[in-house]
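File shown: coords.cif. Contents: mmCIF, C-alpha atoms.
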data_entry
#
loop_
_atom_site.label_atom_id
_atom_site.label_comp_id
_atom_site.auth_asym_id
_atom_site.auth_seq_id
_atom_site.Cartn_x
_atom_site.Cartn_y
_atom_site.Cartn_z
CA MET G 261 -46.07 -113.55 70.99
CA SER G 262 -43.50 -113.51 73.77
CA ILE G 263 -41.82 -110.23 74.77
CA PRO G 264 -38.51 -111.19 73.02
CA ASP G 265 -40.56 -111.90 69.86
CA LEU G 266 -42.21 -108.47 70.06
CA ILE G 267 -38.81 -106.78 70.52
CA LYS G 268 -37.41 -108.72 67.54
CA LYS G 269 -40.41 -107.80 65.36
CA LYS G 270 -39.96 -104.07 66.05
CA ARG G 271 -36.13 -104.35 65.83
CA ASP G 272 -36.58 -105.79 62.32
CA GLY G 273 -38.70 -102.79 61.35
CA ARG G 274 -42.07 -104.55 61.19
CA THR G 275 -45.38 -103.06 62.34
CA LEU G 276 -46.75 -104.15 65.71
CA SER G 277 -50.46 -105.01 65.88
CA ASP G 278 -52.85 -103.34 68.34
CA ASP G 279 -52.83 -106.49 70.51
CA GLU G 280 -49.03 -106.65 70.53
CA ILE G 281 -48.72 -103.04 71.68
CA LYS G 282 -51.36 -103.74 74.35
CA THR G 283 -49.35 -106.75 75.56
CA PHE G 284 -46.19 -104.63 75.82
CA ILE G 285 -47.86 -101.81 77.80
CA GLN G 286 -49.69 -104.21 80.14
CA SER G 287 -46.41 -106.05 80.83
CA VAL G 288 -44.78 -102.70 81.71
CA VAL G 289 -47.57 -101.79 84.16
CA ASN G 290 -47.86 -105.29 85.68
CA GLU G 291 -44.05 -105.52 85.94
CA THR G 292 -44.01 -108.88 84.14
CA ILE G 293 -41.34 -107.57 81.75
CA GLN G 294 -37.67 -107.17 82.66
CA GLU G 295 -36.32 -103.62 82.69
CA CYS G 296 -33.70 -104.54 80.08
CA GLN G 297 -36.49 -105.78 77.77
CA THR G 298 -38.39 -102.50 78.14
CA GLY G 299 -35.16 -100.64 77.33
CA ALA G 300 -34.61 -102.85 74.28
CA MET G 301 -38.15 -102.17 73.02
CA LEU G 302 -37.69 -98.42 73.51
CA MET G 303 -34.45 -98.53 71.50
CA ALA G 304 -36.14 -100.58 68.75
CA ILE G 305 -38.95 -97.98 68.55
CA TRP G 306 -36.35 -95.16 68.55
CA GLN G 307 -34.43 -96.80 65.69
CA LYS G 308 -37.28 -98.08 63.51
CA GLY G 309 -40.03 -95.59 64.35
CA MET G 310 -43.74 -96.34 64.28
CA VAL G 311 -46.44 -95.88 61.67
CA ASP G 312 -49.35 -93.59 62.51
CA GLN G 313 -51.64 -96.43 63.65
CA GLU G 314 -48.97 -97.85 65.98
CA THR G 315 -48.45 -94.44 67.59
CA LYS G 316 -52.20 -93.98 68.08
CA THR G 317 -52.49 -97.43 69.68
CA LEU G 318 -49.45 -96.86 71.89
CA THR G 319 -50.98 -93.58 73.09
CA ARG G 320 -54.41 -95.14 73.75
CA GLU G 321 -52.96 -98.11 75.65
CA MET G 322 -50.73 -95.84 77.76
CA MET G 323 -53.76 -93.65 78.55
CA SER G 324 -55.83 -96.70 79.56
CA SER G 325 -53.06 -98.09 81.80
CA GLY G 326 -54.45 -96.16 84.79
CA GLU G 327 -57.53 -94.24 85.82
CA VAL G 328 -59.16 -91.91 83.30
CA MET G 329 -60.86 -88.86 84.76
CA SER G 330 -64.59 -88.34 84.40
CA TRP G 331 -66.51 -85.07 84.68
CA PRO G 332 -70.11 -84.00 85.42
CA GLU G 333 -72.41 -84.03 82.38
CA GLU G 334 -72.99 -80.27 82.60
CA TRP G 335 -69.28 -79.70 81.86
CA ALA G 336 -69.56 -81.45 78.49
CA GLY G 337 -67.75 -79.42 75.85
CA LEU G 338 -65.96 -77.18 78.38
CA VAL G 339 -62.97 -79.20 79.64
CA VAL G 340 -59.78 -77.91 78.01
CA ASP G 341 -56.01 -77.82 78.49
CA LYS G 342 -52.79 -76.79 76.77
CA HIS G 343 -49.34 -78.35 76.50
CA SER G 344 -46.09 -76.59 75.65
CA THR G 345 -43.01 -78.41 74.39
CA GLY G 346 -40.94 -76.20 76.69
CA GLY G 347 -39.26 -72.85 76.42
CA VAL G 348 -37.27 -70.22 78.29
CA GLY G 349 -39.38 -68.00 80.52
CA ASP G 350 -42.50 -69.92 79.44
CA LYS G 351 -45.03 -68.82 82.05
CA VAL G 352 -48.05 -69.02 79.72
CA SER G 353 -49.94 -71.60 81.84
CA LEU G 354 -50.00 -69.34 84.91
CA VAL G 355 -51.90 -66.69 82.95
CA LEU G 356 -53.85 -68.88 80.51
CA ALA G 357 -55.46 -71.34 82.97
CA PRO G 358 -57.22 -68.65 85.07
CA ALA G 359 -58.14 -66.65 81.91
CA LEU G 360 -59.86 -69.72 80.44
CA ALA G 361 -61.64 -70.35 83.76
CA ALA G 362 -62.87 -66.73 83.67
CA CYS G 363 -64.29 -67.47 80.18
CA GLY G 364 -66.33 -70.42 81.51
CA CYS G 365 -63.97 -73.31 80.74
CA LYS G 366 -62.84 -76.07 83.11
CA VAL G 367 -59.05 -76.49 83.10
CA PRO G 368 -57.62 -79.57 84.87
CA MET G 369 -54.02 -78.69 84.01
CA ILE G 370 -51.67 -81.55 84.84
CA SER G 371 -48.19 -80.11 84.49
CA GLY G 372 -44.58 -81.20 84.77
CA ARG G 373 -41.36 -80.18 86.44
CA GLY G 374 -38.38 -78.55 84.77
CA LEU G 375 -35.64 -80.76 83.37
CA ALA G 376 -32.43 -79.63 81.62
CA HIS G 377 -32.74 -76.00 80.45
CA THR G 378 -36.57 -75.76 80.35
CA GLY G 379 -38.44 -74.57 83.43
CA GLY G 380 -41.40 -76.49 84.83
CA THR G 381 -44.76 -74.92 85.69
CA LEU G 382 -44.92 -76.88 88.96
CA ASP G 383 -41.54 -75.52 90.12
CA LYS G 384 -42.73 -71.98 89.42
CA LEU G 385 -45.91 -72.41 91.47
CA GLU G 386 -44.02 -74.09 94.33
CA SER G 387 -42.05 -70.87 94.80
CA ILE G 388 -45.32 -69.52 96.32
CA PRO G 389 -45.30 -70.46 100.05
CA GLY G 390 -47.96 -73.09 100.79
CA PHE G 391 -48.83 -73.92 97.16
CA SER G 392 -49.45 -77.67 96.90
CA ILE G 393 -49.33 -79.37 93.52
CA HIS G 394 -50.61 -82.66 95.01
CA ARG G 395 -54.37 -83.04 94.67
CA SER G 396 -56.50 -86.20 94.44
CA ALA G 397 -59.02 -86.71 91.63
CA ALA G 398 -61.84 -85.82 94.06
CA GLN G 399 -60.08 -82.58 95.10
CA ILE G 400 -59.44 -81.66 91.44
CA LEU G 401 -63.17 -82.10 90.75
CA GLU G 402 -64.01 -79.87 93.71
CA ILE G 403 -61.54 -77.10 92.68
CA LEU G 404 -62.79 -77.14 89.08
CA GLY G 405 -66.35 -76.81 90.39
CA SER G 406 -65.59 -73.76 92.51
CA VAL G 407 -62.66 -72.05 90.72
CA GLY G 408 -62.65 -73.47 87.18
CA CYS G 409 -58.93 -74.26 86.98
CA CYS G 410 -56.18 -76.04 88.88
CA ILE G 411 -52.52 -76.74 88.10
CA VAL G 412 -51.35 -80.02 89.64
CA GLY G 413 -48.76 -82.78 89.25
CA GLN G 414 -49.44 -86.21 87.79
CA THR G 415 -51.26 -88.41 90.33
CA GLU G 416 -50.02 -91.94 91.11
CA LYS G 417 -52.99 -93.53 89.35
CA LEU G 418 -52.82 -91.51 86.14
CA VAL G 419 -50.97 -93.11 83.21
CA PRO G 420 -48.65 -95.37 85.28
CA ALA G 421 -47.14 -96.74 82.04
CA ASP G 422 -45.74 -93.29 81.25
CA ARG G 423 -43.95 -92.97 84.58
CA VAL G 424 -42.03 -96.19 83.94
CA LEU G 425 -41.29 -95.45 80.27
CA TYR G 426 -40.37 -91.80 80.90
CA ALA G 427 -37.69 -92.74 83.45
CA LEU G 428 -36.27 -95.44 81.17
CA ARG G 429 -36.24 -93.20 78.09
CA ASP G 430 -33.91 -90.89 79.96
CA ALA G 431 -31.64 -93.79 80.98
CA THR G 432 -31.57 -95.34 77.47
CA SER G 433 -31.13 -92.14 75.37
CA THR G 434 -34.48 -92.61 73.66
CA VAL G 435 -36.06 -89.31 74.74
CA ASP G 436 -36.12 -87.81 71.23
CA SER G 437 -38.34 -90.39 69.54
CA LEU G 438 -41.44 -89.00 67.83
CA PRO G 439 -43.80 -91.91 68.73
CA LEU G 440 -42.51 -92.02 72.33
CA ILE G 441 -42.84 -88.24 72.78
CA THR G 442 -46.34 -88.40 71.30
CA GLY G 443 -47.42 -91.32 73.50
CA SER G 444 -46.10 -89.64 76.64
CA ILE G 445 -47.71 -86.23 76.07
CA ILE G 446 -51.05 -87.25 74.59
CA SER G 447 -51.74 -90.22 76.94
CA LYS G 448 -51.61 -87.84 79.94
CA LYS G 449 -53.89 -85.32 78.25
CA GLY G 450 -56.24 -88.11 77.12
CA ALA G 451 -56.54 -89.30 80.74
CA GLU G 452 -57.87 -85.82 81.59
CA SER G 453 -60.88 -86.55 79.31
CA LEU G 454 -60.61 -83.22 77.53
CA THR G 455 -62.97 -81.70 74.99
CA ALA G 456 -60.15 -79.71 73.41
CA LEU G 457 -56.37 -79.49 73.66
CA VAL G 458 -54.04 -76.87 72.19
CA LEU G 459 -50.34 -77.60 71.74
CA ASP G 460 -47.71 -74.87 71.80
CA VAL G 461 -44.95 -76.47 69.74
CA LYS G 462 -41.77 -74.40 69.92
CA PHE G 463 -39.01 -74.15 67.35
CA GLY G 464 -35.77 -72.16 67.24
CA GLY G 465 -32.45 -71.78 69.01
CA ALA G 466 -33.82 -72.31 72.54
CA ALA G 467 -36.29 -75.08 71.63
CA LEU G 468 -36.04 -78.87 71.33
CA TYR G 469 -36.63 -78.53 67.57
CA LYS G 470 -34.48 -75.95 65.80
CA ASP G 471 -36.51 -75.51 62.61
CA LEU G 472 -40.17 -75.08 61.69
CA GLU G 473 -40.37 -78.26 59.60
CA SER G 474 -39.31 -80.69 62.36
CA ALA G 475 -41.55 -78.88 64.88
CA LYS G 476 -44.42 -79.25 62.41
CA GLU G 477 -43.77 -82.98 62.14
CA LEU G 478 -44.06 -83.30 65.94
CA ALA G 479 -47.19 -81.10 65.96
CA GLN G 480 -48.83 -83.29 63.31
CA SER G 481 -48.00 -86.49 65.22
CA LEU G 482 -49.42 -85.05 68.46
CA MET G 483 -52.55 -83.78 66.69
CA ASN G 484 -53.19 -87.13 64.98
CA ALA G 485 -52.93 -89.00 68.28
CA GLY G 486 -55.03 -86.44 70.18
CA ASN G 487 -57.80 -86.33 67.59
CA SER G 488 -57.85 -90.16 67.44
CA LEU G 489 -58.74 -90.21 71.17
CA GLY G 490 -61.71 -87.91 70.53
CA MET G 491 -60.06 -84.71 71.79
CA ARG G 492 -60.22 -81.78 69.39
CA THR G 493 -56.50 -81.09 69.11
CA ALA G 494 -54.88 -78.03 67.52
CA ALA G 495 -51.28 -76.81 67.42
CA VAL G 496 -49.65 -73.40 67.45
CA LEU G 497 -46.08 -73.28 66.08
CA SER G 498 -44.18 -70.54 67.90
CA ARG G 499 -40.64 -69.14 67.82
CA MET G 500 -38.36 -69.81 70.79
CA ASP G 501 -35.06 -67.99 70.29
CA ALA G 502 -34.86 -65.49 73.15
CA THR G 503 -37.05 -65.47 76.27
CA ILE G 504 -40.81 -65.19 76.70
CA GLY G 505 -41.39 -61.95 78.57
CA ARG G 506 -38.54 -60.36 80.51
CA CYS G 507 -38.10 -62.76 83.44
CA VAL G 508 -36.61 -66.26 83.67
CA GLY G 509 -36.47 -68.28 86.90
CA ASN G 510 -39.17 -69.62 89.19
CA SER G 511 -39.99 -66.76 91.63
CA LEU G 512 -39.33 -64.07 89.02
CA GLU G 513 -41.70 -65.74 86.54
CA VAL G 514 -44.45 -65.86 89.18
CA ILE G 515 -43.99 -62.09 89.66
CA GLU G 516 -44.16 -61.47 85.90
CA SER G 517 -47.28 -63.68 85.62
CA LEU G 518 -48.99 -61.73 88.41
CA GLU G 519 -48.04 -58.44 86.73
CA THR G 520 -49.55 -59.78 83.50
CA LEU G 521 -52.75 -60.75 85.34
CA LYS G 522 -52.85 -57.15 86.63
CA GLY G 523 -52.86 -55.88 83.03
CA ASN G 524 -49.14 -55.06 82.71
CA GLY G 525 -48.03 -58.06 80.66
CA PRO G 526 -45.32 -58.00 77.97
CA ALA G 527 -46.62 -58.14 74.39
CA ASP G 528 -44.98 -61.48 73.48
CA LEU G 529 -46.47 -63.29 76.50
CA MET G 530 -49.91 -61.81 75.82
CA GLU G 531 -49.64 -62.87 72.15
CA LEU G 532 -49.17 -66.52 73.20
CA VAL G 533 -51.85 -66.40 75.93
CA THR G 534 -54.51 -64.83 73.68
CA THR G 535 -53.70 -67.04 70.66
CA LEU G 536 -53.67 -70.34 72.58
CA GLY G 537 -56.75 -69.35 74.61
CA GLY G 538 -58.56 -68.10 71.52
CA VAL G 539 -57.97 -71.43 69.74
CA LEU G 540 -59.43 -73.35 72.72
CA LEU G 541 -62.54 -71.12 72.90
CA LEU G 542 -62.98 -71.65 69.15
CA MET G 543 -62.70 -75.46 69.48
CA THR G 544 -65.26 -75.59 72.33
CA GLY G 545 -67.71 -73.58 70.21
CA SER G 546 -67.75 -70.71 72.75
CA VAL G 547 -66.84 -68.24 69.99
CA SER G 548 -67.37 -68.16 66.22
CA ASP G 549 -63.87 -67.10 65.17
CA LEU G 550 -60.31 -66.88 66.47
CA SER G 551 -60.22 -63.08 66.80
CA GLU G 552 -63.29 -63.12 69.05
CA GLY G 553 -61.70 -65.88 71.15
CA SER G 554 -58.43 -63.94 71.51
CA ARG G 555 -60.35 -60.78 72.43
CA ARG G 556 -62.30 -62.57 75.18
CA ILE G 557 -59.11 -64.00 76.70
CA SER G 558 -57.46 -60.57 76.53
CA GLU G 559 -60.44 -58.98 78.29
CA ALA G 560 -60.36 -61.63 81.03
CA VAL G 561 -56.68 -60.83 81.67
CA ILE G 562 -56.80 -57.04 81.38
CA GLY G 563 -60.12 -56.67 83.21
CA GLY G 564 -58.96 -58.58 86.30
CA ALA G 565 -61.32 -61.59 86.05
CA ALA G 566 -58.37 -63.95 85.47
CA LEU G 567 -56.49 -62.50 88.47
CA SER G 568 -59.48 -63.30 90.74
CA ARG G 569 -59.44 -66.91 89.48
CA PHE G 570 -55.68 -67.17 90.08
CA GLN G 571 -56.14 -65.93 93.65
CA ALA G 572 -58.95 -68.45 94.22
CA MET G 573 -56.83 -71.24 92.71
CA MET G 574 -53.90 -70.41 95.02
CA GLU G 575 -56.21 -70.54 98.06
CA ALA G 576 -57.79 -73.83 96.88
CA GLN G 577 -54.29 -75.32 96.52
CA GLY G 578 -53.06 -74.51 100.00
CA VAL G 579 -51.87 -70.88 99.93
CA ALA G 580 -52.97 -68.84 102.97
CA ASN G 581 -55.73 -66.31 102.15
CA GLU G 582 -53.59 -63.42 103.34
CA THR G 583 -50.63 -64.52 101.17
CA ALA G 584 -52.81 -64.94 98.08
CA ARG G 585 -54.51 -61.57 98.67
CA SER G 586 -51.14 -59.86 99.17
CA LEU G 587 -49.70 -61.27 95.91
CA CYS G 588 -52.80 -60.20 93.96
CA SER G 589 -53.11 -56.71 95.43
CA ALA G 590 -52.51 -53.70 93.15
CA HIS G 591 -49.25 -52.60 94.79
CA SER G 592 -47.92 -55.92 96.02
CA ASP G 593 -44.53 -56.12 97.72
CA TYR G 594 -43.74 -59.46 96.09
CA TYR G 595 -40.59 -60.13 98.09
CA SER G 596 -42.51 -59.92 101.38
CA VAL G 597 -43.97 -63.28 100.24
CA LEU G 598 -41.59 -64.76 97.64
CA ARG G 599 -37.96 -65.56 98.31
CA LYS G 600 -35.45 -63.03 97.01
CA SER G 601 -31.93 -64.20 96.14
CA GLN G 602 -29.07 -63.09 98.38
CA HIS G 603 -27.14 -61.57 95.47
CA GLN G 604 -28.03 -59.57 92.35
CA ARG G 605 -25.57 -58.52 89.67
CA GLU G 606 -26.33 -56.18 86.76
CA LEU G 607 -24.54 -56.65 83.45
CA GLU G 608 -23.74 -53.62 81.29
CA THR G 609 -23.82 -53.20 77.52
CA PRO G 610 -20.34 -53.17 75.92
CA ALA G 611 -21.30 -50.56 73.28
CA ASP G 612 -24.02 -48.19 72.06
CA GLY G 613 -26.68 -49.82 69.95
CA VAL G 614 -30.23 -51.13 69.74
CA PHE G 615 -31.14 -54.09 71.95
CA GLU G 616 -32.42 -56.96 69.82
CA GLY G 617 -32.61 -59.70 72.44
CA VAL G 618 -30.59 -62.40 74.13
CA ASP G 619 -29.77 -65.99 73.21
CA GLY G 620 -32.39 -67.78 75.34
CA LEU G 621 -30.55 -71.10 75.41
CA VAL G 622 -27.31 -69.58 76.78
CA LEU G 623 -29.25 -67.65 79.45
CA ALA G 624 -31.21 -70.75 80.47
CA GLU G 625 -28.08 -72.91 80.66
CA VAL G 626 -26.27 -70.40 82.89
CA LEU G 627 -29.31 -70.14 85.21
CA HIS G 628 -29.55 -73.93 85.28
CA LYS G 629 -25.95 -74.13 86.54
CA LEU G 630 -26.71 -71.45 89.15
CA GLY G 631 -29.41 -73.72 90.60
CA ALA G 632 -32.63 -72.61 88.86
CA GLY G 633 -33.03 -76.02 87.17
CA ARG G 634 -32.21 -79.66 87.71
CA SER G 635 -30.16 -82.27 85.83
CA LYS G 636 -31.91 -85.32 87.33
CA ALA G 637 -35.56 -85.83 88.25
CA GLY G 638 -36.10 -85.34 91.97
CA GLU G 639 -33.27 -82.82 92.51
CA PRO G 640 -34.25 -79.62 94.37
CA VAL G 641 -34.21 -76.22 92.63
CA ASN G 642 -33.48 -72.77 94.05
CA HIS G 643 -36.66 -70.78 93.39
CA SER G 644 -34.92 -67.42 93.89
CA VAL G 645 -32.35 -67.87 91.09
CA GLY G 646 -33.18 -66.15 87.80
CA ALA G 647 -32.67 -63.24 85.45
CA GLU G 648 -34.54 -60.06 84.50
CA LEU G 649 -34.08 -58.28 81.19
CA LEU G 650 -33.87 -54.56 81.98
CA VAL G 651 -34.41 -53.40 78.38
CA SER G 652 -36.96 -54.26 75.67
CA PRO G 653 -36.31 -55.35 72.07
CA GLY G 654 -35.96 -52.29 69.83
CA GLN G 655 -34.79 -50.05 72.70
CA ARG G 656 -31.67 -47.86 72.20
CA VAL G 657 -28.95 -48.36 74.81
CA GLY G 658 -25.75 -46.49 75.57
CA LYS G 659 -22.43 -48.12 76.41
CA GLY G 660 -22.43 -49.06 80.11
CA ASP G 661 -26.25 -49.23 80.46
CA SER G 662 -27.52 -52.13 82.57
CA TRP G 663 -29.30 -54.69 80.38
CA LEU G 664 -29.61 -57.81 82.57
CA ARG G 665 -29.96 -58.45 86.30
CA ILE G 666 -28.89 -61.91 87.50
CA HIS G 667 -30.31 -63.20 90.80
CA TYR G 668 -28.03 -65.85 92.34
CA GLU G 669 -26.95 -67.46 95.62
CA ASP G 670 -24.73 -70.52 95.78
CA PRO G 671 -23.01 -71.36 93.42
CA VAL G 672 -21.90 -67.80 92.69
CA LEU G 673 -21.84 -66.25 89.23
CA THR G 674 -18.41 -66.87 87.63
CA ALA G 675 -16.40 -64.65 85.28
CA ASP G 676 -16.84 -67.29 82.56
CA GLN G 677 -20.63 -67.21 82.96
CA ILE G 678 -20.64 -63.40 82.78
CA HIS G 679 -18.63 -63.68 79.54
CA GLN G 680 -21.14 -66.24 78.15
CA LEU G 681 -24.04 -63.91 78.95
CA GLN G 682 -22.34 -60.86 77.43
CA THR G 683 -21.69 -62.91 74.27
CA ALA G 684 -25.40 -63.92 74.23
CA LEU G 685 -26.47 -60.25 74.09
CA ARG G 686 -27.70 -59.21 70.64
CA LEU G 687 -27.03 -55.53 69.89
CA ARG G 688 -27.54 -53.83 66.54
CA PRO G 689 -25.56 -50.72 65.58
CA CYS G 690 -27.80 -47.64 65.69
CA ASP G 691 -27.19 -46.83 62.03
CA ARG G 692 -28.18 -50.26 60.72
CA PRO G 693 -31.85 -50.45 59.61
CA GLN G 694 -34.16 -52.26 61.98
CA THR G 695 -35.24 -55.80 61.18
CA PRO G 696 -39.03 -55.89 61.56
CA GLN G 697 -40.18 -57.48 64.85
CA THR G 698 -41.54 -60.92 64.02
CA ARG G 699 -44.47 -62.32 65.94
CA LEU G 700 -43.82 -65.44 68.00
CA VAL G 701 -46.72 -67.38 66.48
CA GLN G 702 -45.70 -68.54 63.01
CA GLU G 703 -48.41 -71.02 62.11
CA LEU G 704 -51.70 -72.41 63.33
CA LEU G 705 -52.81 -76.01 62.69
CA LEU G 706 -56.50 -76.61 63.41
CA PRO G 707 -58.18 -80.06 63.56
CA PRO G 708 -60.14 -81.20 60.48
#

Rendering of file as structure tokens:
Amino acid sequence: MSIPDLIKKKRDGRTLSDDEIKTFIQSVVNETIQECQTGAMLMAIWQKGMVDQETKTLTREMMSSGEVMSWPEEWAGLVVDKHSTGGVGDKVSLVLAPALAACGCKVPMISGRGLAHTGGTLDKLESIPGFSIHRSAAQILEILGSVGCCIVGQTEKLVPADRVLYALRDATSTVDSLPLITGSIISKKGAESLTALVLDVKFGGAALYKDLESAKELAQSLMNAGNSLGMRTAAVLSRMDATIGRCVGNSLEVIESLETLKGNGPADLMELVTTLGGVLLLMTGSVSDLSEGSRRISEAVIGGAALSRFQAMMEAQGVANETARSLCSAHSDYYSVLRKSQHQRELETPADGVFEGVDGLVLAEVLHKLGAGRSKAGEPVNHSVGAELLVSPGQRVGKGDSWLRIHYEDPVLTADQIHQLQTALRLRPCDRPQTPQTRLVQELLLPP
């Protein structure tokens, strides 16, 4: 069938065959299709959806559009990764990758940049002077051999079909299509030739999906596609209403990650790290149950083994030995290495009460406007911009206590933004009974 015929078939709501999907993806990669035709096909998929088999085929063909990584035989059963659908203050990868490496896994983590209100792991790491996210397949192999984990950007040769489709999805308002999201995420993970993959699918006020049911639908689609490629794929459904940990913003999140790797991590971040890591250790057969897996990850973090791996990973990815050693030392002066913003402003509580949290989406959007994020791919970010929560959920505060410190440069913090942030503060009157603290992880979906 010709490309217009394929577009018409999907536009009319019919199911594309495996060969037809292969023709479409090959045309995208070989550039034998016009951009407007690709856009039309994306819109047809967005409008009519895809059945499970179509999504699996789309994912497999996208994965096969470039080089697929291969690993030494002795690593069989040990190559793992995780993917998060994006949150506010989501620094899990920076702690989890070295913890898994300390537990004997190989973690070729291919990450993304921040877009809109969600931060990107690569942007966080690039706030460390010298850290290079660009590594060839041969260099990745070498780092995994010596360190056990690396966190890099997508190479030119990996899933070229996704790079074209991803850019066009943005331009054609087809980003929020279940089959297209699934194809994009799972094709990149499939090209890493993983044994096991865990997905952290967020739901709530500061997540892409606002409710558990729609997040579960995405999780199921991602799991089906992942398992069909031979990767053991599980999903963790976690709440994303406030922030993860107490810091948001690139440099600040690196500091909080390092503090966590030194055994001083906030409970919510550690809950995600130990749950996601525990699930991966369970799927590789390294442990017999989830609680043992979580305990081993926790020990790797608290005991300092994960910190050693993080230091080695920084050095293997271009950070000077002295810089890496300084950041990982017990009493590190972080700002002697990381950039500190020119201005800080503390916000005060308007009344007495009990601090219950902050609206994560509002906080992220304000920081985005202050330069912590980007609106278009390729735009620079200001690594020093961010926010620190100065109080913990459940803590009593008096009127006029500082609750948030904003780090900013240019543009400056406006009166309107201060008002937005004060409105995002959630305070409970002291005499109202406490709502029990809910765990972030709501549900666990394991492969069959």

How would you write, as a PDB file with C-alpha atoms, keeping the file's coordinate frame, the residues chosen by the PyMOL selection byres ((chain G and resi 352) around 10) on this structure?
ATOM      1  CA  LYS G 342     -52.790 -76.790  76.770  1.00  0.00           C
ATOM      2  CA  HIS G 343     -49.340 -78.350  76.500  1.00  0.00           C
ATOM      3  CA  SER G 344     -46.090 -76.590  75.650  1.00  0.00           C
ATOM      4  CA  GLY G 349     -39.380 -68.000  80.520  1.00  0.00           C
ATOM      5  CA  ASP G 350     -42.500 -69.920  79.440  1.00  0.00           C
ATOM      6  CA  LYS G 351     -45.030 -68.820  82.050  1.00  0.00           C
ATOM      7  CA  SER G 353     -49.940 -71.600  81.840  1.00  0.00           C
ATOM      8  CA  LEU G 354     -50.000 -69.340  84.910  1.00  0.00           C
ATOM      9  CA  VAL G 355     -51.900 -66.690  82.950  1.00  0.00           C
ATOM     10  CA  LEU G 356     -53.850 -68.880  80.510  1.00  0.00           C
ATOM     11  CA  ALA G 357     -55.460 -71.340  82.970  1.00  0.00           C
ATOM     12  CA  THR G 381     -44.760 -74.920  85.690  1.00  0.00           C
ATOM     13  CA  ASP G 460     -47.710 -74.870  71.800  1.00  0.00           C
ATOM     14  CA  ILE G 504     -40.810 -65.190  76.700  1.00  0.00           C
ATOM     15  CA  GLY G 505     -41.390 -61.950  78.570  1.00  0.00           C
ATOM     16  CA  GLU G 513     -41.700 -65.740  86.540  1.00  0.00           C
ATOM     17  CA  SER G 517     -47.280 -63.680  85.620  1.00  0.00           C
ATOM     18  CA  LEU G 529     -46.470 -63.290  76.500  1.00  0.00           C
ATOM     19  CA  MET G 530     -49.910 -61.810  75.820  1.00  0.00           C
ATOM     20  CA  GLU G 531     -49.640 -62.870  72.150  1.00  0.00           C
ATOM     21  CA  LEU G 532     -49.170 -66.520  73.200  1.00  0.00           C
ATOM     22  CA  VAL G 533     -51.850 -66.400  75.930  1.00  0.00           C
ATOM     23  CA  THR G 534     -54.510 -64.830  73.680  1.00  0.00           C
ATOM     24  CA  LEU G 536     -53.670 -70.340  72.580  1.00  0.00           C
TER      25      LEU G 536
END

Requested in this report: Let me know the residues the PyMOL selection byres ((chain G and resi 388) around 8) catches in the file above, as number ranges by chain.
Outcome: G: 384-387, 389-391, 511, 579, 597-598

Report task. Taking the file above as input, evaluate the PyMOL selection byres ((chain G and resi 623) around 9) and report the hits as a list in words. Result ->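 Evaluating the PyMOL selection byres ((chain G and resi 623) around 9) on these coordinates yields Val348, Ala502, Thr503, Val508, Val618, Asp619, Gly620, Leu621, Val622, Ala624, Glu625, Val626, Leu627, His628, Ala647, Gln680, Leu681 and Ala684 of chain G.
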
Report task. Kindly give the distance, in Å, that separates CA of Leu472 in chain G and CA of Met491 in chain G, rounded to a single decimal. Result ->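 Going from CA of Leu472 in chain G over to CA of Met491 in chain G covers 24.3 Å.
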
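Rounded to one decimal, CA of Ala427 in chain G and CA of Tyr469 in chain G lie 21.3 Å from each other.
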
Requested in this report: Write out as an MDAnalysis selection string which residues come within 8 Å of Thr609 in chain G when counting only C-alpha atoms, dropping same-chain ones fewer than 6 positions away.
Outcome: chainID G and resid 657:663 682

Requested in this report: Would you mind listing what lies within 6 Å of Cys365 in chain G as a PyMOL selection string, with only C-alpha atoms counted and same-chain residues fewer than 3 positions away left out?
Outcome: chain G and resi 338+360-361

Query raised in the report: Using all atoms listed in the file, which residue out of G:Leu687, G:Leu700, G:Leu302, G:Leu512 lies closest to Val645 in chain G?
Result: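 Looking at the shortest contact to Val645 in chain G, the residue is G:Leu512.
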
Report task. Give me the residues within 7 Å of Leu664 in chain G as a VMD selection string, counting only C-alpha atoms and dropping any in the same chain fewer than 4 places off. Result -> chain G and resid 606 to 607 647 to 650

Requested in this report: Would you mind listing what lies within 8 Å of range 550-558 of chain G as a PyMOL selection string, with all atoms listed in the file counted and same-chain residues fewer than 2 positions away left out?
Outcome: chain G and resi 359-360+363+530+533-535+537-542+546-548+560-562

Edge lengths and centre, in Å to one decimal, as lines of an AutoDock Vina configuration file: that's what I need for the box along x, y and z that holds all listed atoms of range 587-593 of chain G plus 8 Å on each side.
center_x = -48.8
center_y = -56.9
center_z = 95.4
size_x = 24.6
size_y = 24.7
size_z = 20.6

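With distances restricted to all atoms listed in the file, G:Glu608 is the closest residue to Leu685 in chain G from G:Met369, G:Glu291, G:Gly525, G:Glu608.
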
Report summary line: Shortest contact to Met261 in chain G, candidates G:Thr544, G:Lys282, G:Gln604, G:Leu418, atoms counted only C-alpha atoms, goes to G:Lys282

Report summary line: Using only C-alpha atoms, the best pick from G:Thr283, G:Gln697, G:Thr493, G:Thr455 as closest to Ser652 in chain G would be G:Gln697

Requested in this report: Mind giving me the straight-line distance from CA of Leu425 in chain G to CA of Ser330 in chain G in Å, one decimal?
Outcome: 24.7 Å

Query - Protein, DNA and RNA residues within 12 Å of (-35.4, -95.5, 75.3), all atoms listed in the file, as a ChimeraX atom specification - result: /G:295-307,309,424-441
